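Below is one structure, written out as structure tokens; comments come after it.
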Amino acid sequence: MRGGIGARGLAGQRARREERSALAAWSERHINWLLVAPAVLLILAITVYPLGYSVWVAFVNFDFLIPGHAFVGFGNFAAVLNDPVALHSVVVTAVFTVADVGLEFVLGLALALALETKFRGRGILMAIFVVPLFIAPVIVGQFWSLLLQRPFGPVDYILSVIIRHPVTISWLTEFPWDFIGVILADIWQWTSFVMVILLAGLAGIPAELHEAAAIDGAGSWQGFRFITLPQLLPMILLAVTFRLLGAVNLFDTIFMMTGGGPGTSTYTTAYYLYQTGFQEFHLSEATAGSWLFLILVSAAIFILVRRLLKVEEA
Amino acid sequence: MTRKRGLWFRWRRYGIGRTALIGLFLLFVLFPLYWVAVTSIKPSSDYLAMPPVWFPAHPTIVHYVAALFAYRGLEGLLNSLVVAVATTLLSVALGTCMGYSMVRFGTGGRDLAFWVLSQRFLPPVAVVLPIFLLYRSYHLYDTRIGLVLVYTVMTLPLSVWMMYAYFRQVPRALEEAALVDGCGWWGAFWRIAVPLAVPGIIAAAAFAFIGVWTEFFFALNLTSRNAFTLPTVFRSFLSFQGAQYGESSALAVISLVPSIALGMLVQKHLVRGLTLGAVRG
């Protein structure tokens with residue numbers, strides 16, 4: 001009796017061990033895919049599946065109040081394209097993007113050149129300059145609403161002291177000051193992003209190039225124009241595309257500073273889609289709009305990701 | 001005398017324009033930070049003073065207390081902490097596995113690399129609606145787990161690519177020695193490669209944490225009364241702005257401290273973190 005149990009237990013143990021070693025061998029053979037699988041499955045579940053689902057949502061009438069989902073074909077897309085607010089929001093987004101990225105590039109490049117040579121205190125300056133990168137954009141929006149507040153914000157006051165004339169700009173509610181205010185907040189946060197990347201690029205330019213040019217009698221402007229700029233170009237493209245893809249999603253500062261207003265004048269595309277989907281609950285229309293937006297920016301995404309891959313493979 | 005000459009010398013060498021540019025930008029960066037810090041400790045009667053009060057005569061912490069308790073800032077803080085820590089652990093674990101596999105075995109090749117990297121640039125507004133609709137039906141709406149899943153996917157490209165860049169520098173010979181010793185690939189990965197990659201893992205973790213800590217858009221749309229994070233608390237100051245300068249500033253200060261401190265710790269890896277590992281700083 002006891003022996004029987006013992007024998008059976010032994011056989012079971014052996015079987016289990018064999019099973020385990022077979023599993024170990026299997027997992028050893030497929031380690032490459034097993035290591036990749038969890039991340040891939042999660043991405044599939046959280047972005048690919050919802051995106052696929054949203055294709056269906058974009059072609060039906062999805063409404064919490066109306067039962068059933070009637071197929072409406074391209075109706076939702078047509079509704080977005082015929083909405084003047086949607087088209088206006090694309091223009092607003094383009095204006096913000098060009099202004100933000102353009103100014104951040106010019107200022108970031110100037111700062112990178114100014115900080116290129118080492119001097120005492122440079123490390124501390126750099127540490128201070130990158131602080132805005134670690135702050136939530138929504139809080140940056142709160143910062144600047146506070147600074148630009150009328151009539152008790154300090155910016156109007158400082159300006160009136162400087163020009164010795166009372167300044168009463170309604171930064172958050174009056175065109176074009178609302179645009180300037182939002183752009184200021186964006187520059188405050190992201191200029192150092194461009195600066196940091198361009199500094200890394202400048203550090204990578206071999207000093208011999210400049211030395212050789214100096215021997216050939218090149219001035220500092222020529223050195224900049226014919227050596228620094230072309231050598232820096234890959235980094236410039238990288239920084240600018242990164243910022244472009246960040247700037248087209250402008251939402252947080254708009255939400256805090258203008259709330260899209262006055263009226264709908266500072267609606268960016270992201271803000272418009274948020275309003276349509278989450279405030280007015282035109283879910284299908286917003287989904288269709290999201291797809292149009294995604295298609296609009298996908299070319300930029302494609303180019304940047306290709307570039308990033310090339311850098312990594314080099 | 002010599003000191004004066006030294007300063008003048010330096011001034012000339014670095015140029016007036018350069019100094020002015022750096023000085024003005026320094027003011028531009030510092031002033032908002034200063035103003036928010038000062039506003040957070042101003043008594044409410046000082047808000048409406050003209051000219052503005054540059055430093056309050058009687059600093060106070062009442063706004064901190066109000067922001068944390070009356071405006072549910074403490075709950076937001078706790079949610080943010082839980083979500084950020086959980087996301088960081090998950091994202092870095094998955095990123096380390098995937099990065100290693102891509103470096104050592106070339107898993108998935110260029111296509112997989114492209115696909116993972118492109119997730120980083122998917123506009124949040126393009127994916128948030130479908131996620132919202134599915135979360136509602138799977139009971140993930142307004143839960144911390146739901147946020148953690150979204151944030152893990154949001155931070156995965158960075159984790160994967162930082163670890164990819166890091167593992168490329170770990171010499172293969174060490175793992176091959178472990179294989180000869182009969183460790184198997186799992187042993188080589190877990191006992192040799194991962195310990196060597198710890199500095200990279202820490203840097204990736206810091207960036208993941210900061211990314212989650214400062215995120216607003218997903219939290220705004222995927223949570224409401226239960227799982228709301230710290231940034232979304234700022235919503236409650238909007239409807240009656242004006243009166244809540246102190247509370248919103250106090251909450252801003254509370255939120256800034258952890259992410260700035262972490263950012264300073266990983267400054268060495270900043271360029272790599274900002275560019276998904278594409279630029280070696």
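We label chains A, B, ... in the order they appear in the structure tokens, count residues from 1 in each chain, and number ligands from 1 in the order shown.
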**Message:** Quick one: residues within 9 Å of segment 166-178 of chain B, only C-alpha atoms, excluding same-chain residues fewer than 6 positions away - as a PyMOL selection string?
**Reply:** chain B and resi 96+99-100+103-104+184-185+187-189+191-194+196-197+199-201+277
Write out, as a PDB file, in the first residue's frame, the residues just selected, with N, CA and C atoms.
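Output contents, as saved in out16.pdb:
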```pdb
ATOM      1  N   THR B  96      12.863  46.448 -20.794  1.00  0.00           N
ATOM      2  CA  THR B  96      14.141  45.746 -20.672  1.00  0.00           C
ATOM      3  C   THR B  96      14.107  44.432 -21.435  1.00  0.00           C
ATOM      4  N   GLY B  99      13.914  45.294 -25.264  1.00  0.00           N
ATOM      5  CA  GLY B  99      15.159  45.872 -25.753  1.00  0.00           C
ATOM      6  C   GLY B  99      16.247  44.815 -25.877  1.00  0.00           C
ATOM      7  N   TYR B 100      16.323  43.946 -24.882  1.00  0.00           N
ATOM      8  CA  TYR B 100      17.340  42.894 -24.902  1.00  0.00           C
ATOM      9  C   TYR B 100      17.127  41.958 -26.086  1.00  0.00           C
ATOM     10  N   VAL B 103      18.156  43.488 -29.339  1.00  0.00           N
ATOM     11  CA  VAL B 103      19.599  43.626 -29.548  1.00  0.00           C
ATOM     12  C   VAL B 103      20.246  42.267 -29.790  1.00  0.00           C
ATOM     13  N   ARG B 104      19.953  41.275 -28.916  1.00  0.00           N
ATOM     14  CA  ARG B 104      20.674  40.010 -28.981  1.00  0.00           C
ATOM     15  C   ARG B 104      20.188  39.100 -30.095  1.00  0.00           C
ATOM     16  N   GLY B 184      22.168  28.864 -19.971  1.00  0.00           N
ATOM     17  CA  GLY B 184      21.022  29.052 -20.848  1.00  0.00           C
ATOM     18  C   GLY B 184      20.815  30.544 -21.097  1.00  0.00           C
ATOM     19  N   TRP B 185      20.000  30.853 -22.124  1.00  0.00           N
ATOM     20  CA  TRP B 185      19.788  32.258 -22.463  1.00  0.00           C
ATOM     21  C   TRP B 185      19.069  33.015 -21.359  1.00  0.00           C
ATOM     22  N   GLY B 187      19.230  32.472 -18.168  1.00  0.00           N
ATOM     23  CA  GLY B 187      20.207  32.766 -17.126  1.00  0.00           C
ATOM     24  C   GLY B 187      21.129  33.897 -17.549  1.00  0.00           C
ATOM     25  N   ALA B 188      21.579  33.847 -18.804  1.00  0.00           N
ATOM     26  CA  ALA B 188      22.483  34.884 -19.300  1.00  0.00           C
ATOM     27  C   ALA B 188      21.804  36.250 -19.257  1.00  0.00           C
ATOM     28  N   PHE B 189      20.518  36.254 -19.632  1.00  0.00           N
ATOM     29  CA  PHE B 189      19.765  37.516 -19.617  1.00  0.00           C
ATOM     30  C   PHE B 189      19.594  38.019 -18.191  1.00  0.00           C
ATOM     31  N   ARG B 191      20.923  36.911 -15.170  1.00  0.00           N
ATOM     32  CA  ARG B 191      22.028  37.016 -14.210  1.00  0.00           C
ATOM     33  C   ARG B 191      23.180  37.863 -14.712  1.00  0.00           C
ATOM     34  N   ILE B 192      23.332  37.999 -16.023  1.00  0.00           N
ATOM     35  CA  ILE B 192      24.477  38.763 -16.540  1.00  0.00           C
ATOM     36  C   ILE B 192      24.040  40.106 -17.118  1.00  0.00           C
ATOM     37  N   ALA B 193      23.142  40.054 -18.119  1.00  0.00           N
ATOM     38  CA  ALA B 193      22.834  41.272 -18.866  1.00  0.00           C
ATOM     39  C   ALA B 193      22.068  42.286 -18.014  1.00  0.00           C
ATOM     40  N   VAL B 194      21.038  41.831 -17.292  1.00  0.00           N
ATOM     41  CA  VAL B 194      20.216  42.781 -16.532  1.00  0.00           C
ATOM     42  C   VAL B 194      21.025  43.509 -15.447  1.00  0.00           C
ATOM     43  N   LEU B 196      24.116  44.208 -15.448  1.00  0.00           N
ATOM     44  CA  LEU B 196      25.013  45.167 -16.106  1.00  0.00           C
ATOM     45  C   LEU B 196      24.261  46.388 -16.601  1.00  0.00           C
ATOM     46  N   ALA B 197      22.974  46.228 -16.865  1.00  0.00           N
ATOM     47  CA  ALA B 197      22.203  47.325 -17.455  1.00  0.00           C
ATOM     48  C   ALA B 197      21.510  48.186 -16.411  1.00  0.00           C
ATOM     49  N   PRO B 199      22.285  50.807 -14.583  1.00  0.00           N
ATOM     50  CA  PRO B 199      22.264  52.265 -14.759  1.00  0.00           C
ATOM     51  C   PRO B 199      21.277  52.711 -15.833  1.00  0.00           C
ATOM     52  N   GLY B 200      21.223  51.961 -16.934  1.00  0.00           N
ATOM     53  CA  GLY B 200      20.271  52.288 -17.995  1.00  0.00           C
ATOM     54  C   GLY B 200      18.836  52.113 -17.529  1.00  0.00           C
ATOM     55  N   ILE B 201      18.605  51.086 -16.737  1.00  0.00           N
ATOM     56  CA  ILE B 201      17.258  50.833 -16.234  1.00  0.00           C
ATOM     57  C   ILE B 201      16.802  51.985 -15.335  1.00  0.00           C
ATOM     58  N   GLY B 277      16.659  57.877 -26.970  1.00  0.00           N
ATOM     59  CA  GLY B 277      17.917  57.156 -27.104  1.00  0.00           C
ATOM     60  C   GLY B 277      18.625  57.377 -28.429  1.00  0.00           C
TER      61      GLY B 277
END
```
**Request:** Could you give me, as a PyMOL selection string, the residues within 9 Å of Gly201 of chain A, counting only C-alpha atoms and dropping anything in the same chain fewer than 2 positions from it?
**Result:** (chain A and resi 196-199+203-205+231-236) or (chain B and resi 279+281)
Serialized selection, C-alpha atoms, as a CSV table (one decimal), in the first residue's frame:
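Result file part-v1.csv:
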```csv
chain,number,residue,atom,x,y,z
A,196,VAL,CA,19.9,70.7,-25.2
A,197,ILE,CA,19.8,68.7,-28.4
A,198,LEU,CA,21.6,71.3,-30.5
A,199,LEU,CA,24.3,71.5,-27.8
A,203,ALA,CA,29.7,69.0,-29.1
A,204,GLY,CA,29.9,66.4,-31.9
A,205,ILE,CA,31.4,68.6,-34.5
A,231,GLN,CA,27.3,69.7,-39.6
A,232,LEU,CA,24.5,70.5,-37.2
A,233,LEU,CA,21.7,69.9,-39.8
A,234,PRO,CA,20.8,66.4,-38.8
A,235,MET,CA,20.4,67.4,-35.2
A,236,ILE,CA,18.4,70.5,-36.2
B,279,VAL,CA,21.3,61.0,-29.6
B,281,GLY,CA,24.5,63.0,-25.0
```
**Request:** Report the distance between atom CA of Val92 of chain B and atom CA of Ser159 of chain B in Å, rounded to one decimal place.
**Result:** 5.7 Å
Within 6 Å of Thr268 of chain A, counting only C-alpha atoms, which residues qualify if same-chain residues fewer than 5 places away don't, as a short mmCIF file (atom, residue, chain, number, x, y, z; two decimals) with C-alpha atoms, in the first residue's frame?
```
data_model
loop_
_atom_site.label_atom_id
_atom_site.label_comp_id
_atom_site.auth_asym_id
_atom_site.auth_seq_id
_atom_site.Cartn_x
_atom_site.Cartn_y
_atom_site.Cartn_z
CA SER A 89 -8.95 74.75 -35.54
CA VAL A 92 -5.06 77.76 -35.41
CA THR A 93 -2.99 74.62 -34.84
#
```
**Message:** Can you pull out the residues contacting segment 143-158 of chain A? Cut-off 8 Å, using only C-alpha atoms, and skip same-chain residues under 5 positions away; I want them as a PyMOL selection string.
**Reply:** (chain A and resi 166-172+181+185+256-257) or (chain B and resi 32-33+35-36+47-52+245+249)
Can you write out the residues you just picked, keeping C-alpha atoms, as a compact mmCIF listing (two decimals), in the first residue's frame?
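New file selection-v1.txt:
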```
# COMPACT_ATOMS: atom_id res chain seq x y z
CA PRO A 166 -0.16 102.11 -18.09
CA VAL A 167 -0.50 98.77 -19.90
CA THR A 168 -3.84 96.98 -19.65
CA ILE A 169 -3.60 94.05 -22.02
CA SER A 170 -6.20 91.32 -21.59
CA TRP A 171 -3.73 88.57 -22.37
CA LEU A 172 -6.10 85.67 -22.02
CA GLY A 181 0.33 84.36 -24.27
CA ALA A 185 4.07 79.53 -22.34
CA MET A 256 -5.73 76.21 -18.68
CA MET A 257 -5.18 79.61 -20.28
CA PRO B 32 7.50 82.40 -13.41
CA LEU B 33 8.95 79.86 -10.99
CA TRP B 35 6.18 84.14 -8.93
CA VAL B 36 4.34 80.87 -8.39
CA TYR B 47 -3.21 89.19 -4.46
CA LEU B 48 -5.06 92.34 -5.32
CA ALA B 49 -2.32 94.75 -4.33
CA MET B 50 -1.08 97.22 -6.93
CA PRO B 51 1.89 97.37 -7.41
CA PRO B 52 2.19 93.60 -6.98
CA TYR B 245 -4.37 81.89 -6.97
CA SER B 249 0.17 77.82 -6.89
```
**Message:** Quick one: residues within 6 Å of Val60 of chain A, only C-alpha atoms, excluding same-chain residues fewer than 6 positions away - as a list in words?
**Reply:** His69, Ala70, Phe71 and Val72 of chain A
Expected file: the selected residues, C-alpha atoms, as a compact mmCIF listing (two decimals), in the first residue's frame:
```
# COMPACT_ATOMS: atom_id res chain seq x y z
CA HIS A 69 -25.65 52.10 -34.17
CA ALA A 70 -26.95 53.04 -37.57
CA PHE A 71 -24.43 52.87 -40.40
CA VAL A 72 -23.91 56.34 -41.82
```
**Request:** Identify all chain A residues at most 6 Å from chain B by counting only C-alpha atoms; ligands do not count. Present them as a PyMOL selection string.
**Result:** chain A and resi 32+35-36+39+43+50+54+114+134+136+152+200+270+290+308+311-312
**Message:** Report, in Å with one decimal, the straight-line distance from atom CA of Tyr274 of chain A to atom CA of Trp291 of chain A.
**Reply:**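 Separating atom CA of Tyr274 of chain A from atom CA of Trp291 of chain A is a distance of 13.4 Å.
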**Request:** For segment 82-84 of chain A, list every protein, DNA or RNA residue within 12 Å, evaluated using only C-alpha atoms, and leave out those in the same chain fewer than 6 positions away; present the list as a ChimeraX atom specification.
**Result:** /A:75-76,90-91,264-265,267,272-273,276,285-286,289
**Item:** Contacts of Ala288 of chain A within 9 Å, only C-alpha atoms, excl. fewer than 6 positions in-chain, as a PyMOL selection string
**Value:** chain A and resi 54-55+57-59+74+76-77+80
Pull N, CA and C atoms from the residues just selected and write them as a PDB file, in the first residue's frame.
```
ATOM      1  N   SER A  54     -12.287  51.843 -33.467  1.00  0.00           N
ATOM      2  CA  SER A  54     -12.731  53.200 -33.776  1.00  0.00           C
ATOM      3  C   SER A  54     -13.029  53.369 -35.260  1.00  0.00           C
ATOM      4  N   VAL A  55     -12.465  52.500 -36.110  1.00  0.00           N
ATOM      5  CA  VAL A  55     -12.824  52.567 -37.528  1.00  0.00           C
ATOM      6  C   VAL A  55     -14.323  52.326 -37.663  1.00  0.00           C
ATOM      7  N   VAL A  57     -16.565  52.774 -35.244  1.00  0.00           N
ATOM      8  CA  VAL A  57     -17.275  53.897 -34.623  1.00  0.00           C
ATOM      9  C   VAL A  57     -17.399  55.071 -35.593  1.00  0.00           C
ATOM     10  N   ALA A  58     -16.340  55.265 -36.394  1.00  0.00           N
ATOM     11  CA  ALA A  58     -16.344  56.424 -37.288  1.00  0.00           C
ATOM     12  C   ALA A  58     -17.384  56.300 -38.397  1.00  0.00           C
ATOM     13  N   PHE A  59     -17.821  55.061 -38.689  1.00  0.00           N
ATOM     14  CA  PHE A  59     -18.762  54.882 -39.789  1.00  0.00           C
ATOM     15  C   PHE A  59     -20.202  54.648 -39.333  1.00  0.00           C
ATOM     16  N   PHE A  74     -19.805  57.763 -44.844  1.00  0.00           N
ATOM     17  CA  PHE A  74     -18.851  58.839 -44.604  1.00  0.00           C
ATOM     18  C   PHE A  74     -19.498  60.074 -43.968  1.00  0.00           C
ATOM     19  N   ASN A  76     -20.044  60.980 -40.916  1.00  0.00           N
ATOM     20  CA  ASN A  76     -19.312  61.628 -39.828  1.00  0.00           C
ATOM     21  C   ASN A  76     -18.135  62.438 -40.340  1.00  0.00           C
ATOM     22  N   PHE A  77     -17.452  61.868 -41.352  1.00  0.00           N
ATOM     23  CA  PHE A  77     -16.319  62.589 -41.933  1.00  0.00           C
ATOM     24  C   PHE A  77     -16.809  63.873 -42.601  1.00  0.00           C
ATOM     25  N   VAL A  80     -17.524  66.588 -40.059  1.00  0.00           N
ATOM     26  CA  VAL A  80     -16.321  67.272 -39.570  1.00  0.00           C
ATOM     27  C   VAL A  80     -15.811  68.245 -40.622  1.00  0.00           C
TER      28      VAL A  80
END
```
**Request:** Return as a PyMOL selection string the full set of residues in segment 62-283 of chain A whose backbone-based DSSP assignment is helix (DSSP H, G or I).
**Result:** chain A and resi 75-81+84-114+122-129+131-134+137-148+154-163+177-203+207-215+220-247+252-257+269-279+283
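Between atom CA of Leu42 of chain A and atom CA of Thr87 of chain B lies a distance of 12.6 Å.
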